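Since the structure comes first, as structure tokens, the remarks are kept for the end.
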Amino acid sequence: MIHPSSITWVHIGDLHMDEANDWQSRDRLVAIVAEINAHIGDAADFVYLPGDNANHATAEQYRVIADTLASLRLPYRVIPGDHDFELGDLAHYDAAFAEANRPEVEVIAGHRCIFLDIVSAGAGGPDFRLTMHHRNRLLEELARAEAERQTPVVFMHAYPGDLAAVGEDIARIFADARVAFVDTGHTHYNELLNDGRVVYGATRSTGEIEEGGGKPGFSIVTVHGRVPSWRFKETSSDWPFVKIVAPADIRLVTRPADATQVPRPGEVEIVAKLFGGTTQPVMLSVDDGIAQPMLAVSGTALWSLRIKLDAGLHRVAASVGTDRDRVEILVRGEADIPRRGVPIAPGRDLHSIGAWAEHGIAGTQLGPNKNGKHW
């Protein structure tokens, strides 16, 4: 079986690096970097920091971040958030991170990654705006992705619905361009949105955490072809770690006519990705039936198994060691593919999929921008 190309990244949530709390985020970042180095290796393409890196944008806060990331074996990519713009410019941010770590675009395994600055044109949060340069660059890169048959993926600090202007226009641009995933920070809590066209993700912050008892961690995001998957891992929880990357969980379906998202009845290939090497096989069960061993895909961290599925909704679980991932896969015949209406209020958190405990989403929106305290 020839698998579509896939891209995987590790999302370390907003650091809010600050000496005022005795460099708490530095200590958490040290632990996260150690876990990534020890267990993820080349199963991911890069590490992503989604903005609000330095809490007050000082040179010393950035120095601590850069020094802590120096031991990271994977490349990292960083974008600015409103806290990085606290002094009215990004001078300290630009000085701290080499240009290679803050690209505007990068193509990896057939996926065009577009990194946006939504803070420099405004006054900082909540005044998020795209600069004219980044708006024009976004349109240009999305057009290139279409011309070169690449899958676009976007990285920005907040949802389009948080932009002070033209947020809905930007979300519709993402939808029209068939962006597979938009990865953001800002919320301080884990959340996934699906507006019917595009899946958006936000990951728990590393500093100023309120949900999960204040436990830090990171999410691992994969886009397998055009199928997005997302799962959160708390720091110091057990390894290995597994997640099902195809077909799509029903919560994350954006293209029901695409058989890689909603497969047809018959033989269906389930694909999982394993993080943290192990000699134990990945085991697959369907609808709580007897688990079967999956087959390792040579030269990758992928495991797969073809199974027969009838039309309907199926609970599929992949497990290894003490870890288990579970998704719900919808199987439908061609005659039953639904028609999609015009998206309403795209890119806004009213499209939150809600709680998903097995993937680390509490659904409480517990953070300073919603239901949390003001830090």
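Ordering of the structure tokens sets the chain letters (A, B, ...), residue numbers begin anew at 1 in every chain, and ligands are numbered from 1 in the order given.
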
Which of range 105-326 of chain A DSSP labels helix (DSSP H, G or I), written as a PyMOL selection string: chain A and resi 132-147+160-162+167-176+211-214+250-252

Residues within 8 Å of Arg26 in chain A, only C-alpha atoms, excluding chain neighbours under 5 positions, as a list in words: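 Selected residues are Met17, Val64, Ile65 and Thr68 of chain A.
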
In range 317-369 of chain A, DSSP strand (DSSP E or B) residues written as a list in words: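 Result set for range 317-369 of chain A (strand (DSSP E or B)): Ala317, Ala318, Ser319, Val320, Asp323, Arg324, Asp325, Arg326, Val327, Glu328, Ile329, Leu330, Val331, Ser352, Trp356 and Ile361 of chain A.
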
Distance of CA of Pro50 in chain A from CA of Phe97 in chain A, expressed in Å to one decimal place: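 Straight-line distance from CA of Phe97 in chain A to CA of Pro50 in chain A works out to 13.6 Å.
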
10 Å contact set for Arg332 in chain A, only C-alpha atoms, chain neighbours under 6 positions out, as a PyMOL selection string: chain A and resi 256-257+259+262-266+309-313+338

For the residues selected in the previous step, produce a file with C-alpha atoms as an mmCIF file, in the first residue's frame.
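selection31.cif was written with the following content:
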```cif
data_model
loop_
_atom_site.group_PDB
_atom_site.id
_atom_site.type_symbol
_atom_site.label_atom_id
_atom_site.label_comp_id
_atom_site.auth_asym_id
_atom_site.auth_seq_id
_atom_site.Cartn_x
_atom_site.Cartn_y
_atom_site.Cartn_z
ATOM 1 C CA PRO A 256 -17.298 13.904 3.362
ATOM 2 C CA ALA A 257 -16.927 13.036 -0.334
ATOM 3 C CA ALA A 259 -12.786 8.587 0.870
ATOM 4 C CA VAL A 262 -15.063 9.142 5.084
ATOM 5 C CA PRO A 263 -14.235 5.729 3.604
ATOM 6 C CA ARG A 264 -16.600 3.610 1.517
ATOM 7 C CA PRO A 265 -17.924 0.266 2.796
ATOM 8 C CA GLY A 266 -15.563 -2.647 2.277
ATOM 9 C CA LEU A 309 -16.130 -2.152 7.635
ATOM 10 C CA ASP A 310 -19.816 -1.866 6.812
ATOM 11 C CA ALA A 311 -21.606 1.453 6.432
ATOM 12 C CA GLY A 312 -22.093 3.219 9.744
ATOM 13 C CA LEU A 313 -20.116 4.741 12.619
ATOM 14 C CA PRO A 338 -24.297 14.535 2.261
#
```

Top pick for closest residue to Ala355 in chain A, considering A:Asn190, A:Glu208, A:Ile220, A:Trp239 and counting only C-alpha atoms: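 Distance minimum relative to Ala355 in chain A lands on A:Asn190.
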
Shell of 12 Å around Arg251 in chain A, only C-alpha atoms, local chain residues under 3 positions omitted, as a ChimeraX atom specification: /A:192-200,227-230,247-248,254-256,261-262,313,327-330,351-356,359

Nearest candidate to Val331 in chain A (options A:His134, A:Arg226, A:Lys243, A:His314; using only C-alpha atoms): A:His314

Close residues, Thr131 in chain A itself excluded, 12 Å, only C-alpha atoms, min 3 positions apart in chain, as an MDAnalysis selection string: chainID A and resid 116:123 128 134:138 163 165:166

Keeping only N, CA and C atoms, take the residues you just selected and write them out as an mmCIF file, in the first residue's frame.
```cif
data_model
loop_
_atom_site.group_PDB
_atom_site.id
_atom_site.type_symbol
_atom_site.label_atom_id
_atom_site.label_comp_id
_atom_site.auth_asym_id
_atom_site.auth_seq_id
_atom_site.Cartn_x
_atom_site.Cartn_y
_atom_site.Cartn_z
ATOM 1 N N LEU A 116 2.065 33.019 9.741
ATOM 2 C CA LEU A 116 1.540 34.373 9.650
ATOM 3 C C LEU A 116 1.838 35.198 10.902
ATOM 4 N N ASP A 117 2.043 36.485 10.695
ATOM 5 C CA ASP A 117 2.163 37.479 11.772
ATOM 6 C C ASP A 117 0.840 38.239 11.812
ATOM 7 N N ILE A 118 0.066 38.061 12.900
ATOM 8 C CA ILE A 118 -1.208 38.769 13.012
ATOM 9 C C ILE A 118 -1.167 39.835 14.105
ATOM 10 N N VAL A 119 0.039 40.188 14.569
ATOM 11 C CA VAL A 119 0.137 41.145 15.672
ATOM 12 C C VAL A 119 0.742 42.487 15.261
ATOM 13 N N SER A 120 1.612 42.495 14.268
ATOM 14 C CA SER A 120 2.369 43.711 13.984
ATOM 15 C C SER A 120 1.538 44.831 13.375
ATOM 16 N N ALA A 121 0.374 44.494 12.803
ATOM 17 C CA ALA A 121 -0.444 45.531 12.173
ATOM 18 C C ALA A 121 -1.391 46.191 13.160
ATOM 19 N N GLY A 122 -1.543 45.605 14.349
ATOM 20 C CA GLY A 122 -2.469 46.161 15.328
ATOM 21 C C GLY A 122 -1.735 46.686 16.544
ATOM 22 N N ALA A 123 -2.468 46.779 17.625
ATOM 23 C CA ALA A 123 -1.895 47.266 18.883
ATOM 24 C C ALA A 123 -1.652 46.110 19.837
ATOM 25 N N PHE A 128 -5.906 42.058 16.917
ATOM 26 C CA PHE A 128 -5.155 41.221 15.979
ATOM 27 C C PHE A 128 -5.524 41.609 14.547
ATOM 28 N N HIS A 134 1.511 40.173 4.938
ATOM 29 C CA HIS A 134 1.130 38.798 5.240
ATOM 30 C C HIS A 134 -0.193 38.415 4.576
ATOM 31 N N ARG A 135 -1.092 39.362 4.414
ATOM 32 C CA ARG A 135 -2.327 39.052 3.682
ATOM 33 C C ARG A 135 -2.005 38.725 2.223
ATOM 34 N N ASN A 136 -1.171 39.557 1.589
ATOM 35 C CA ASN A 136 -0.803 39.305 0.203
ATOM 36 C C ASN A 136 -0.012 38.007 0.061
ATOM 37 N N ARG A 137 0.891 37.776 1.027
ATOM 38 C CA ARG A 137 1.692 36.556 0.980
ATOM 39 C C ARG A 137 0.812 35.318 1.168
ATOM 40 N N LEU A 138 -0.178 35.422 2.036
ATOM 41 C CA LEU A 138 -1.098 34.311 2.247
ATOM 42 C C LEU A 138 -1.786 33.931 0.938
ATOM 43 N N LEU A 163 -9.602 38.024 14.886
ATOM 44 C CA LEU A 163 -9.051 39.186 14.195
ATOM 45 C C LEU A 163 -9.996 40.375 14.363
ATOM 46 N N ALA A 165 -10.482 42.719 12.302
ATOM 47 C CA ALA A 165 -11.124 43.037 11.025
ATOM 48 C C ALA A 165 -10.876 41.889 10.055
ATOM 49 N N VAL A 166 -11.774 41.719 9.133
ATOM 50 C CA VAL A 166 -11.709 40.757 8.019
ATOM 51 C C VAL A 166 -11.488 39.309 8.464
#
```

Contacts of Ile344 in chain A at 12 Å (only C-alpha atoms; same-chain gap of 2+ positions) as a PyMOL selection string: chain A and resi 161+168-169+171-172+175+194-197+340-342+346-351

d(CA of Glu86 in chain A, CA of Ala20 in chain A) in Å: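 CA of Ala20 in chain A lies 16.2 Å from CA of Glu86 in chain A.
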
List every residue of range 82-140 of chain A that has an atom at most 12 Å from any atom of range 145-153 of chain A, giving for each one its closest atom pair and the distance in Å to one decimal, counting only C-alpha atoms, sorted by chain and then by ascending residue number, as a Markdown table.
```
| residue | atom | partner | partner_atom | distance |
| --- | --- | --- | --- | --- |
| A:Val105 | CA | A:Val153 | CA | 9.9 |
| A:Glu106 | CA | A:Val153 | CA | 10.0 |
| A:Val107 | CA | A:Gln150 | CA | 8.5 |
| A:Ile108 | CA | A:Gln150 | CA | 9.5 |
| A:Ala109 | CA | A:Gln150 | CA | 8.8 |
| A:Gly110 | CA | A:Gln150 | CA | 5.1 |
| A:His111 | CA | A:Thr151 | CA | 4.6 |
| A:Arg112 | CA | A:Pro152 | CA | 4.7 |
| A:Cys113 | CA | A:Val153 | CA | 4.9 |
| A:Ile114 | CA | A:Val153 | CA | 6.2 |
| A:Phe115 | CA | A:Val153 | CA | 8.8 |
| A:Leu116 | CA | A:Val153 | CA | 11.0 |
| A:Leu138 | CA | A:Pro152 | CA | 10.3 |
| A:Leu139 | CA | A:Ala145 | CA | 9.9 |
| A:Glu140 | CA | A:Ala145 | CA | 8.7 |
```

Separation of CA of Glu334 in chain A from CA of Phe174 in chain A, in Å and rounded to one decimal: 26.2 Å

A:Ile209, A:Ala54, A:Val10, A:Leu69 ranked by distance to Lys373 in chain A, top pick (using only C-alpha atoms):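 Selected residue with least distance to Lys373 in chain A: A:Ile209.
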
Top pick for closest residue to Leu252 in chain A, considering A:Ala100, A:Ile32, A:Ala180, A:Ala357 and counting only C-alpha atoms: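 Nearest candidate to Leu252 in chain A out of A:Ala100, A:Ile32, A:Ala180, A:Ala357: A:Ala180.
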